[in-house]
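**Student:** Just dropping this structure here.
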Number of protein chains: 6
Amino acid sequence: MKYVPVSGREMPRFAGIKTFFRLPHVNMDADYDVALVGVPFDGSLSYRPGARFAPSKIRELSSLGRAYHWERQLNFVEKLKVADIGDCSVVPIDVAKTYKAIEKHFAKLAGLEKRFISVGGDHSTTLPILRALKKKYKKPLALVHFDAHLDTYPAAWGCEYHHGSFLRHAIEEGLVQPKKTFQIGIRGPLASAEDLEFVNKKGLQPFTVENIRSANIKTVSAKINKLIGDDLCYLTYDIDCLDPAYAPGTGTPVVGGLTTYETQQILRGLKLPGLVGADVVEVSPQYDHADITSLAAVDAMFEILNIYAGK
Amino acid sequence: MKYVPVSGREMPRFAGIKTFFRLPHVNMDADYDVALVGVPFDGSLSYRPGARFAPSKIRELSSLGRAYHWERQLNFVEKLKVADIGDCSVVPIDVAKTYKAIEKHFAKLAGLEKRFISVGGDHSTTLPILRALKKKYKKPLALVHFDAHLDTYPAAWGCEYHHGSFLRHAIEEGLVQPKKTFQIGIRGPLASAEDLEFVNKKGLQPFTVENIRSANIKTVSAKINKLIGDDLCYLTYDIDCLDPAYAPGTGTPVVGGLTTYETQQILRGLKLPGLVGADVVEVSPQYDHADITSLAAVDAMFEILNIYAGK
Amino acid sequence: MKYVPVSGREMPRFAGIKTFFRLPHVNMDADYDVALVGVPFDGSLSYRPGARFAPSKIRELSSLGRAYHWERQLNFVEKLKVADIGDCSVVPIDVAKTYKAIEKHFAKLAGLEKRFISVGGDHSTTLPILRALKKKYKKPLALVHFDAHLDTYPAAWGCEYHHGSFLRHAIEEGLVQPKKTFQIGIRGPLASAEDLEFVNKKGLQPFTVENIRSANIKTVSAKINKLIGDDLCYLTYDIDCLDPAYAPGTGTPVVGGLTTYETQQILRGLKLPGLVGADVVEVSPQYDHADITSLAAVDAMFEILNIYAGK
Amino acid sequence: MKYVPVSGREMPRFAGIKTFFRLPHVNMDADYDVALVGVPFDGSLSYRPGARFAPSKIRELSSLGRAYHWERQLNFVEKLKVADIGDCSVVPIDVAKTYKAIEKHFAKLAGLEKRFISVGGDHSTTLPILRALKKKYKKPLALVHFDAHLDTYPAAWGCEYHHGSFLRHAIEEGLVQPKKTFQIGIRGPLASAEDLEFVNKKGLQPFTVENIRSANIKTVSAKINKLIGDDLCYLTYDIDCLDPAYAPGTGTPVVGGLTTYETQQILRGLKLPGLVGADVVEVSPQYDHADITSLAAVDAMFEILNIYAGK
Amino acid sequence: MKYVPVSGREMPRFAGIKTFFRLPHVNMDADYDVALVGVPFDGSLSYRPGARFAPSKIRELSSLGRAYHWERQLNFVEKLKVADIGDCSVVPIDVAKTYKAIEKHFAKLAGLEKRFISVGGDHSTTLPILRALKKKYKKPLALVHFDAHLDTYPAAWGCEYHHGSFLRHAIEEGLVQPKKTFQIGIRGPLASAEDLEFVNKKGLQPFTVENIRSANIKTVSAKINKLIGDDLCYLTYDIDCLDPAYAPGTGTPVVGGLTTYETQQILRGLKLPGLVGADVVEVSPQYDHADITSLAAVDAMFEILNIYAGK
Amino acid sequence: MKYVPVSGREMPRFAGIKTFFRLPHVNMDADYDVALVGVPFDGSLSYRPGARFAPSKIRELSSLGRAYHWERQLNFVEKLKVADIGDCSVVPIDVAKTYKAIEKHFAKLAGLEKRFISVGGDHSTTLPILRALKKKYKKPLALVHFDAHLDTYPAAWGCEYHHGSFLRHAIEEGLVQPKKTFQIGIRGPLASAEDLEFVNKKGLQPFTVENIRSANIKTVSAKINKLIGDDLCYLTYDIDCLDPAYAPGTGTPVVGGLTTYETQQILRGLKLPGLVGADVVEVSPQYDHADITSLAAVDAMFEILNIYAGK
């Protein structure tokens, strides 16, 4: 099996059955290095639904993906065997069942010593993945968290588990190291001042948009690299870290956000030798136009693949 | 309190805070006759989400509603006090909690001797409403059911309760009379021949699109009127009974469906003196264009109000 | 000057500067027979604006127009010299000034003994055109009026002149013959029973959708032909006579409407040897999708051109 | 290998890598009976481009497909092994090279004694398929041709081969039997009276929309069945046979067209024991909304699969 | 009466009847401090219409609003009683009548000593508001004016009053102080050099985009604060100050504009202790996508509420 | 003939037949200085089609264009006679025939000593224009090339000539000077490292987005001005140099791109006294929203007209 994309100069990019980056579709236990896997669940959203269609749409747009990173001078397909292993089965109308299914799926994947990028789904899908990694690696991970929102919010409508509380649970369950949790792109407004209490108490350090733009953007990744060092870590990229002009297709957009260029700059600066998993979440194709949000998601996947390949 | 719409010749129809048909927004226990109530829950859908936004969008488009029915020569506001009582609170990410909330809301409403039109939400919201009515009226209701789908389907993904199984449960729980359950607009394809077993065993009588078009459309309502007579009954109007050309904004559209003119003809023929409740469900505004699906929903509400007023 | 469309088999239909039906753009006083003229005014609308963009959009879509009528076995360009004379200048924010400008423009056109199709704009634009024709022809015209609405409504917001009152004024001003005013596609609901008083008092005879579908559609035009005979007459085609499935791009859509096939059948049956002017109004391109409403407008123009050519 | 769709009650219909009808993706030489194959070429279009994206979009929407035909009481997966064999490679910017590639692909498929449904692409793709079938079967086929257009038009812009001339070439090359060529849904306007000369000279018999609606729709398929009998035949379904209200997503829409119900009625009446190939063409997803055109295409494929299965 | 928003953690943000920021809907003479009021008039626009729908759409999107300002460490609901007082009645087709209605409405509101944010409507609606404030406060106000356009343009089509001339009239009528009029986001091209004459003669000082980006953005608000000091002042935020990438949904977009982050930075720097009124205008929801323009409007309203609260 | 735009203060900008910048439509051999000419060909695209509609759509949006450049203090209509000469006829389905037609059209135009802006069409249309200019001027031109892509790519699907190879051919055919070819806005990813070989070998100097943002943007045009000096030169503006947030309506968008403000800054700095031709290409209106991409194209045309006028 050759883990190379179908060439766009042979088969046009709009043709063929869609897999992530036009890479082979294989079983989970094949001999690849990094799995690209869909998690089409949007049952924990608070506002606009639709992220269930993200894996399918991002597969389609990843046809425009290319493999050579100019700045890194790196071709990820020469360094890594990357494959599409299809979607994790979910239960669209039941959060608890879905969490179990996701945890099981990723526990199996981690058990096979695979690294991966999960393509959500809403941000609640990150929690069961982190649970699976905790079981595998036995210790809390460092976390690089791109987002407009803190995601440490309390229960809503009597429900503990929703797309705005995954990080609170991950910290409370000991899945991630709060002091090595870096939140990038965060911005207000918040519901109330209390929303910051958990963040402050646990020692999370949000990089707000204003923080990032007030300093040299290169310092963001430099600081993260230094503090994470060789720790095992996870990267979660919520597309709403981007401004709605760049990522309209998402469930709870917040104005005043980052540009794709800015998150490229940060991702390109990250080293993360201990990266064991990653995800891209909260793309809602129904609210997108001209597929620009999906293209931004594909680009984030490309940069993450380069972090894997650059190690 | 006067239960009359804000006049479009005084305040333009695009102006003002949106209530159903520009009618007063009152508390549930006010002195109106018929409540218009939103149930913005789409957590039981199997394909396209978005019906959670239906009550809000249908309120907006009902600004174009008018009160005088030419064919019936009837002005419903002269016959009935109709009001908007706001939305039932739901839990967007938990089916069981939502069912309880809906049942409680409509039990209270029925307890106040009010009739109503519920504006869904997905079709799963009909089940807890029927449960509430069973508690109130102590016997199974006749049912007029507009739909493309039988909604007697088995569990999906291990879940008994979803938007395609409300009728099976309603029958199994004794909430409706299967032999007085009339399904209008039904059409294939089906997943398999087994999908018809429940229908046949229970004695439901679907009027398929072909049935309707092969005969004089007036006979449909005549037959239903005759068989239901004075029985207490419920009317549920799933917008996907309509063809996707007429109702694109829905979660699981099926081609080969009815026109709005056809469902008008049937609704205009219905008498239903025992009508105690009704709903309009499965409008997904994100998939609509030019709001034509919401306009079709407003028109169905108008016809149902005329059934109430015509008694 | 040859009044023939640019051939789509020479210059592709998407190419070139857009004129109606790819016909020559000439000055009003050139030697053509029938003028196609835009009236891009939507300042009298009550709900969705946008008809100001209709002339431009319909010019674009008329690139798909063809000249040979299969059923009539008639090529209008062989019978008539048809030309695009550009748009009437309007004042987008002042109804009274616009009425004067339109009346003056069409008085001049009628003075040149030209027939025409005006492409609106909202339906209020028909009134000043009828005023211009009254001045020219000195007597009230018969009227063929395709519409969902009666357009005999009273003043709104203290304004006598708006897109829903053109016909009331035309009758009150003696511009048209009420008993030879035929309204096609009319349907409810209405604001109140009073809305019918003017219609009944003046002896207008609406053909509602139900009227049309209950009988053989051929009888509609037969009846109109018989009653109008050789009278001078005007034809106004409000696109909302069509169902929103066929014409979503309009300002005040009403469900339960006609199909394009049905209005084709009626238009094909019309003789109208005294036809002196016509218009197509109420297309709102912003609410259209895939330009299907504009295509319906182009087709109506084609049928009207054939009425002119068939005389 | 089991040729059954992935169940929507196990894996949600929005999940997973998209194949036609969620059927297995196999190599061309696997042991299936009927191939579903994409031909994503839109390089011969005269107006709106985009049909290159049709195979991908129709794969996605066919997730909503089901297998049991209520009227036929037939489950196609129990009768036939149907598979997705991926897309034929095309050259998006070169008509001649693409024709060769298509002819070669289908010659190979026919050589394997497979029947198929090709999912276009524009209508020019039908010609090389017919050439391949001529080589295989050595005689001209009968043809059932759903379309708004005659497709017997002359060269355009100096090019013989375009999406409006496939049938003229097919007849001139002896690939189909002109007197057994049945054109369904045809309507005007035409560019000129000359457009009918070829049709009349060759003895094609168009069923115009008016022809179909003036008679009992059942007679259409009855007549075709009788005249084709056991002849080898081909079925080509151009989505623009449908009215733009039902199929807005196409390149050259024509108002006054058929409904999906009407083409279902005709397809359900067809027997065609000699059917050796079929296609569904001219879907342009960019001009679609709510994917209703793709849903219509999926339904046409379903009916064609039932013709294959019903033999 | 408690002037707090309905909590999104109790009632989902998509549920319920829509008021601005989910605040109470009260009568004008209730005991709140700051009124949020719609002015749905777009009858003075020169290009794309649709701002009449802005109040309704912005109410809907303000459901996503939150109350706590992270940078200011301020929760506006703890400092101010803010309420939705519904829409000002307008005459959609008559500029003069509408101006009178608006002036009367805001004169009454100012007479009650209320501050407010008016949600337009087109920019012509600002003039009658300023007239009302002049009557109340007896002297010209300082003005902070976000816009792409100078809005000091001459009459158009013979009409003095349109959406591009409000500021010229406000200055000529002595409603605002020209030398304390600050225009932010202005950019070319202009119709001609004469367009700058009024600006230069009156001593307005536009901050063009290039001015803003050439300097430290913090200096913009510092300069304005210093020059306005404690003067009574008004803030008008035309959404087209933003680049079309950030605010596509507007009537006359101009490329090369500000980002939402930049106007946040300026608004956050403003003190304006004498702020007596404000508006957000020129949002055209029909041209928006994913509601990003409405979200930008909601955010501007939030920042303005914080200016009120911060005093 | 006066070469001035129709005034928007006399005829509203949405009215009238659409020409570029509302300038006169004249024959190629009239007495203007600069031609605006459409080249509606998109037959060489590799992904999203639709640029064939760009000339028509950009004509429409150029109605919003104005003539006075604030920063340059220059009114181009006072310096130059600019006219719309309509579209070059193309063969939508044949690359070779189209190249010949384009070359012939521009050879004739150059022969008349006209300068021009060609409005594409896809980027392949630039090659035959450069061929025509080579014939006229007998030497290779300097080139200013805005683009996300290098456009020096190899053959695709066996075709040498496509929209990603125009520059390779222009260099290989000696039409442009590689060392005076400046590429602005270029960014990765690339298919492979080999994609840079041609660029490096020929000595092209791409200004990547990172290059541009790492330095003072004014230095970009300063450097180009210095190196080109008085050389004859050509400017090609591929709209995808912009970020998809600013130009979603294009065929192969790449995230991380320039803003309209940045390309304005560069264009405003350019002198180019030897500019003999220019184009704006790759606008795909079907993928645009709110026409923001077309507005960006109009603005680029305006800046290029100012370069011509500023000489």
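Numbering starts fresh at 1 for the residues of each chain in the structure tokens, the chains themselves are lettered A, B, ... in the order given, and ligands are numbered from 1 as they appear.
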Provide as a JSON list (two decimals) with N, CA and C atoms, in the first residue's frame the residues of chain A at most 10 Å from chain E, counting only C-alpha atoms.
**Tutor:**
```
[["chain", "number", "residue", "atom", "x", "y", "z"],
["A", 46, "SER", "N", -25.12, 24.12, 21.28],
["A", 46, "SER", "CA", -26.07, 25.01, 21.94],
["A", 46, "SER", "C", -26.79, 25.95, 20.98],
["A", 47, "TYR", "N", -26.27, 26.13, 19.80],
["A", 47, "TYR", "CA", -26.93, 27.08, 18.91],
["A", 47, "TYR", "C", -27.13, 26.48, 17.51],
["A", 48, "ARG", "N", -26.31, 26.82, 16.56],
["A", 48, "ARG", "CA", -26.51, 26.33, 15.19],
["A", 48, "ARG", "C", -26.04, 24.89, 15.04],
["A", 153, "TYR", "N", -17.20, 26.04, 30.74],
["A", 153, "TYR", "CA", -18.45, 26.57, 31.25],
["A", 153, "TYR", "C", -19.20, 25.52, 32.07],
["A", 154, "PRO", "N", -20.12, 25.98, 32.92],
["A", 154, "PRO", "CA", -20.88, 25.05, 33.76],
["A", 154, "PRO", "C", -21.95, 24.30, 32.95],
["A", 155, "ALA", "N", -22.68, 23.46, 33.64],
["A", 155, "ALA", "CA", -23.78, 22.72, 33.02],
["A", 155, "ALA", "C", -24.77, 23.68, 32.39],
["A", 156, "ALA", "N", -25.44, 23.21, 31.35],
["A", 156, "ALA", "CA", -26.50, 23.99, 30.70],
["A", 156, "ALA", "C", -27.74, 23.12, 30.62],
["A", 157, "TRP", "N", -28.89, 23.71, 30.89],
["A", 157, "TRP", "CA", -30.18, 22.99, 30.83],
["A", 157, "TRP", "C", -30.12, 21.68, 31.63],
["A", 158, "GLY", "N", -29.35, 21.72, 32.73],
["A", 158, "GLY", "CA", -29.23, 20.54, 33.55],
["A", 158, "GLY", "C", -28.31, 19.47, 33.00],
["A", 159, "CYS", "N", -27.56, 19.78, 31.97],
["A", 159, "CYS", "CA", -26.68, 18.79, 31.35],
["A", 159, "CYS", "C", -25.21, 19.16, 31.59],
["A", 187, "ARG", "N", -11.81, 35.10, 23.28],
["A", 187, "ARG", "CA", -12.27, 36.49, 23.34],
["A", 187, "ARG", "C", -13.66, 36.54, 23.96],
["A", 188, "GLY", "N", -14.00, 37.72, 24.42],
["A", 188, "GLY", "CA", -15.30, 37.93, 25.02],
["A", 188, "GLY", "C", -16.32, 38.28, 23.96],
["A", 189, "PRO", "N", -17.53, 38.64, 24.38],
["A", 189, "PRO", "CA", -17.97, 38.75, 25.76],
["A", 189, "PRO", "C", -18.26, 37.40, 26.42],
["A", 190, "LEU", "N", -18.36, 37.44, 27.72],
["A", 190, "LEU", "CA", -18.72, 36.26, 28.50],
["A", 190, "LEU", "C", -20.09, 36.47, 29.12],
["A", 191, "ALA", "N", -20.65, 35.38, 29.61],
["A", 191, "ALA", "CA", -21.97, 35.52, 30.24],
["A", 191, "ALA", "C", -21.87, 36.33, 31.53],
["A", 192, "SER", "N", -20.79, 36.09, 32.28],
["A", 192, "SER", "CA", -20.60, 36.87, 33.51],
["A", 192, "SER", "C", -19.16, 36.71, 33.96],
["A", 193, "ALA", "N", -18.79, 37.51, 34.96],
["A", 193, "ALA", "CA", -17.41, 37.46, 35.47],
["A", 193, "ALA", "C", -17.08, 36.08, 36.03],
["A", 194, "GLU", "N", -18.07, 35.36, 36.48],
["A", 194, "GLU", "CA", -17.82, 34.03, 37.06],
["A", 194, "GLU", "C", -17.20, 33.07, 36.03],
["A", 195, "ASP", "N", -17.44, 33.34, 34.77],
["A", 195, "ASP", "CA", -16.91, 32.45, 33.74],
["A", 195, "ASP", "C", -15.39, 32.37, 33.79],
["A", 196, "LEU", "N", -14.76, 33.36, 34.41],
["A", 196, "LEU", "CA", -13.30, 33.35, 34.47],
["A", 196, "LEU", "C", -12.76, 32.67, 35.71],
["A", 209, "VAL", "N", -7.20, 37.34, 21.60],
["A", 209, "VAL", "CA", -6.83, 37.97, 20.33],
["A", 209, "VAL", "C", -6.03, 39.23, 20.61],
["A", 210, "GLU", "N", -6.44, 39.96, 21.61],
["A", 210, "GLU", "CA", -5.71, 41.18, 21.93],
["A", 210, "GLU", "C", -4.29, 40.86, 22.42],
["A", 243, "ASP", "N", -11.98, 34.41, 12.97],
["A", 243, "ASP", "CA", -13.04, 35.40, 12.83],
["A", 243, "ASP", "C", -14.13, 34.86, 11.90],
["A", 244, "PRO", "N", -15.39, 35.25, 12.12],
["A", 244, "PRO", "CA", -16.45, 34.80, 11.22],
["A", 244, "PRO", "C", -16.21, 35.16, 9.75],
["A", 245, "ALA", "N", -15.44, 36.20, 9.47],
["A", 245, "ALA", "CA", -15.12, 36.49, 8.07],
["A", 245, "ALA", "C", -14.33, 35.35, 7.44],
["A", 246, "TYR", "N", -13.54, 34.66, 8.25],
["A", 246, "TYR", "CA", -12.70, 33.56, 7.77],
["A", 246, "TYR", "C", -13.35, 32.20, 7.98],
["A", 247, "ALA", "N", -14.25, 32.13, 8.95],
["A", 247, "ALA", "CA", -14.90, 30.84, 9.25],
["A", 247, "ALA", "C", -16.36, 31.08, 9.63],
["A", 248, "PRO", "N", -17.15, 31.48, 8.64],
["A", 248, "PRO", "CA", -18.58, 31.70, 8.93],
["A", 248, "PRO", "C", -19.31, 30.41, 9.27],
["A", 249, "GLY", "N", -18.81, 29.30, 8.78],
["A", 249, "GLY", "CA", -19.52, 28.04, 8.90],
["A", 249, "GLY", "C", -19.25, 27.36, 10.21],
["A", 250, "THR", "N", -19.79, 27.90, 11.27],
["A", 250, "THR", "CA", -19.58, 27.33, 12.58],
["A", 250, "THR", "C", -20.79, 27.64, 13.45],
["A", 251, "GLY", "N", -20.90, 26.95, 14.59],
["A", 251, "GLY", "CA", -22.14, 27.00, 15.35],
["A", 251, "GLY", "C", -22.32, 28.21, 16.24],
["A", 252, "THR", "N", -21.24, 28.72, 16.79],
["A", 252, "THR", "CA", -21.34, 29.86, 17.71],
["A", 252, "THR", "C", -20.23, 30.85, 17.41],
["A", 253, "PRO", "N", -20.33, 31.52, 16.27],
["A", 253, "PRO", "CA", -19.27, 32.43, 15.85],
["A", 253, "PRO", "C", -19.15, 33.64, 16.78],
["A", 254, "VAL", "N", -17.93, 34.17, 16.87],
["A", 254, "VAL", "CA", -17.66, 35.34, 17.70],
["A", 254, "VAL", "C", -16.81, 36.32, 16.89],
["A", 255, "VAL", "N", -17.27, 37.54, 16.75],
["A", 255, "VAL", "CA", -16.52, 38.50, 15.95],
["A", 255, "VAL", "C", -15.23, 38.91, 16.66],
["A", 256, "GLY", "N", -14.34, 39.55, 15.93],
["A", 256, "GLY", "CA", -13.07, 39.99, 16.52],
["A", 256, "GLY", "C", -12.06, 38.87, 16.64],
["A", 257, "GLY", "N", -12.11, 37.88, 15.72],
["A", 257, "GLY", "CA", -11.26, 36.69, 15.86],
["A", 257, "GLY", "C", -9.99, 36.75, 15.02],
["A", 258, "LEU", "N", -9.30, 35.63, 15.03],
["A", 258, "LEU", "CA", -8.03, 35.51, 14.32],
["A", 258, "LEU", "C", -8.24, 35.35, 12.82],
["A", 286, "GLN", "N", -23.44, 23.92, 6.61],
["A", 286, "GLN", "CA", -24.65, 24.62, 6.14],
["A", 286, "GLN", "C", -24.53, 26.13, 6.26],
["A", 287, "TYR", "N", -23.70, 26.58, 7.19],
["A", 287, "TYR", "CA", -23.57, 28.02, 7.40],
["A", 287, "TYR", "C", -22.33, 28.56, 6.68],
["A", 288, "ASP", "N", -21.68, 27.70, 5.94],
["A", 288, "ASP", "CA", -20.49, 28.15, 5.21],
["A", 288, "ASP", "C", -20.91, 28.75, 3.88],
["A", 289, "HIS", "N", -20.02, 29.44, 3.24],
["A", 289, "HIS", "CA", -20.27, 29.84, 1.87],
["A", 289, "HIS", "C", -18.98, 29.69, 1.10]]
```
**Student:** As a ChimeraX atom specification, which residues of stretch 213-286 of chain A does DSSP assign to helix (DSSP H, G or I)?
**Tutor:** /A:213-214,218-228,239-241,260-269,285-286
**Student:** List as a ChimeraX atom specification the protein and nucleic acid residues near D:Thr181, meaning an atom at most 9 Å away when only C-alpha atoms are counted, but skip any in the same chain fewer than 3 places from it.
**Tutor:** /D:141-145,176-178,203-206
**Student:** Would you output that residue set with all heavy atoms, as a compact mmCIF listing (two decimals), in the first residue's frame?
**Tutor:**
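Final output, saved to out_8.txt:
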```
# COMPACT_ATOMS: atom_id res chain seq x y z
N LEU D 141 -29.25 0.81 -30.77
CA LEU D 141 -30.14 0.56 -29.64
C LEU D 141 -31.41 1.39 -29.78
O LEU D 141 -31.42 2.44 -30.42
CB LEU D 141 -29.44 0.97 -28.34
CG LEU D 141 -28.06 0.36 -28.08
CD1 LEU D 141 -27.47 0.94 -26.79
CD2 LEU D 141 -28.15 -1.16 -27.99
N ALA D 142 -32.46 0.90 -29.15
CA ALA D 142 -33.60 1.78 -28.90
C ALA D 142 -33.19 2.76 -27.81
O ALA D 142 -32.26 2.50 -27.04
CB ALA D 142 -34.81 0.97 -28.47
N LEU D 143 -33.88 3.91 -27.74
CA LEU D 143 -33.46 4.93 -26.79
C LEU D 143 -34.67 5.55 -26.11
O LEU D 143 -35.60 6.01 -26.78
CB LEU D 143 -32.67 6.04 -27.52
CG LEU D 143 -32.12 7.16 -26.64
CD1 LEU D 143 -31.02 6.65 -25.71
CD2 LEU D 143 -31.58 8.30 -27.50
N VAL D 144 -34.64 5.56 -24.79
CA VAL D 144 -35.62 6.32 -24.01
C VAL D 144 -34.91 7.55 -23.48
O VAL D 144 -33.93 7.43 -22.73
CB VAL D 144 -36.21 5.48 -22.87
CG1 VAL D 144 -37.27 6.29 -22.12
CG2 VAL D 144 -36.79 4.18 -23.41
N HIS D 145 -35.37 8.72 -23.86
CA HIS D 145 -34.62 9.96 -23.68
C HIS D 145 -35.48 11.01 -22.96
O HIS D 145 -36.33 11.65 -23.55
CB HIS D 145 -34.20 10.44 -25.08
CG HIS D 145 -33.53 11.78 -25.11
ND1 HIS D 145 -33.55 12.58 -26.21
CD2 HIS D 145 -32.83 12.46 -24.18
CE1 HIS D 145 -32.87 13.70 -25.97
NE2 HIS D 145 -32.44 13.64 -24.73
N VAL D 176 -28.10 4.60 -32.39
CA VAL D 176 -29.45 4.37 -31.90
C VAL D 176 -30.41 4.32 -33.07
O VAL D 176 -30.11 4.79 -34.17
CB VAL D 176 -29.91 5.47 -30.89
CG1 VAL D 176 -28.97 5.54 -29.70
CG2 VAL D 176 -30.04 6.82 -31.57
N GLN D 177 -31.58 3.72 -32.82
CA GLN D 177 -32.61 3.61 -33.85
C GLN D 177 -33.51 4.84 -33.77
O GLN D 177 -34.25 4.99 -32.80
CB GLN D 177 -33.49 2.40 -33.60
CG GLN D 177 -32.78 1.08 -33.48
CD GLN D 177 -33.78 -0.04 -33.26
OE1 GLN D 177 -34.69 -0.24 -34.08
NE2 GLN D 177 -33.64 -0.75 -32.16
N PRO D 178 -33.49 5.69 -34.76
CA PRO D 178 -34.27 6.93 -34.63
C PRO D 178 -35.76 6.68 -34.44
O PRO D 178 -36.40 7.39 -33.67
CB PRO D 178 -33.99 7.66 -35.94
CG PRO D 178 -33.34 6.69 -36.85
CD PRO D 178 -32.71 5.64 -36.00
N GLY D 203 -37.78 10.83 -37.99
CA GLY D 203 -38.90 10.10 -37.42
C GLY D 203 -38.88 9.94 -35.92
O GLY D 203 -39.52 9.03 -35.38
N LEU D 204 -38.14 10.80 -35.25
CA LEU D 204 -38.22 10.80 -33.79
C LEU D 204 -39.62 11.24 -33.39
O LEU D 204 -40.26 12.01 -34.09
CB LEU D 204 -37.20 11.78 -33.21
CG LEU D 204 -35.76 11.70 -33.71
CD1 LEU D 204 -34.90 12.72 -32.97
CD2 LEU D 204 -35.20 10.31 -33.51
N GLN D 205 -40.05 10.76 -32.23
CA GLN D 205 -41.38 11.14 -31.80
C GLN D 205 -41.32 11.77 -30.42
O GLN D 205 -41.46 11.09 -29.40
CB GLN D 205 -42.29 9.93 -31.75
CG GLN D 205 -42.89 9.54 -33.09
CD GLN D 205 -43.81 8.39 -32.89
OE1 GLN D 205 -43.37 7.30 -32.49
NE2 GLN D 205 -45.09 8.60 -33.14
N PRO D 206 -41.13 13.07 -30.34
CA PRO D 206 -41.10 13.68 -29.02
C PRO D 206 -42.45 13.61 -28.31
O PRO D 206 -43.49 13.82 -28.94
CB PRO D 206 -40.69 15.13 -29.29
CG PRO D 206 -40.85 15.34 -30.75
CD PRO D 206 -40.84 14.02 -31.42
```
**Student:** Work out how far atom CA of E:Gly277 is from atom CA of E:Cys233, in Å to one decimal.
**Tutor:** 7.4 Å
**Student:** Select from stretch 169-201 of chain A everything DSSP, run on the backbone, classes as strand (DSSP E or B), then give the selection as a ChimeraX atom specification.
**Tutor:** /A:176-186,190
**Student:** Extract, using only C-alpha atoms, all DNA, RNA and protein residues at most 9 Å from stretch 86-89 of chain E, discarding same-chain residues fewer than 3 positions from it, and format them as a PyMOL selection string.
**Tutor:** (chain B and resi 10-12+15-17) or (chain E and resi 19-20+25-28+36-41+55+98+101-102+105-106+119)
**Student:** Find the spatial neighbours of B:Val34, counting only C-alpha atoms, within a cut-off of 9 Å - ignore same-chain residues fewer than 4 positions away - and output them as a list in words.
**Tutor:**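 Within the cut-off, the hits are Leu80, Lys81, Val82, Ala83, Asp84, Lys114, Arg115, Phe116, Ile117, Leu305 and Tyr308 of chain B.
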**Student:** Write the residues you've just listed into a file as a tab-separated table (two decimals), in the first residue's frame, and include C-alpha atoms for each of them.
**Tutor:**
```tsv
chain	number	residue	atom	x	y	z
B	80	LEU	CA	-61.64	32.50	18.30
B	81	LYS	CA	-59.26	34.17	20.65
B	82	VAL	CA	-55.87	33.01	19.42
B	83	ALA	CA	-52.60	33.91	21.14
B	84	ASP	CA	-48.88	33.26	21.07
B	114	LYS	CA	-56.96	25.12	25.73
B	115	ARG	CA	-56.66	23.91	22.19
B	116	PHE	CA	-53.39	24.64	20.43
B	117	ILE	CA	-51.09	24.39	17.48
B	305	LEU	CA	-57.03	27.60	12.79
B	308	TYR	CA	-60.87	25.15	14.99
```
**Student:** What is the distance, in Å and to one decimal place, between atom CA of E:Gly50 and atom CA of C:Pro49?
**Tutor:**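 Going from atom CA of E:Gly50 over to atom CA of C:Pro49 covers 6.2 Å.
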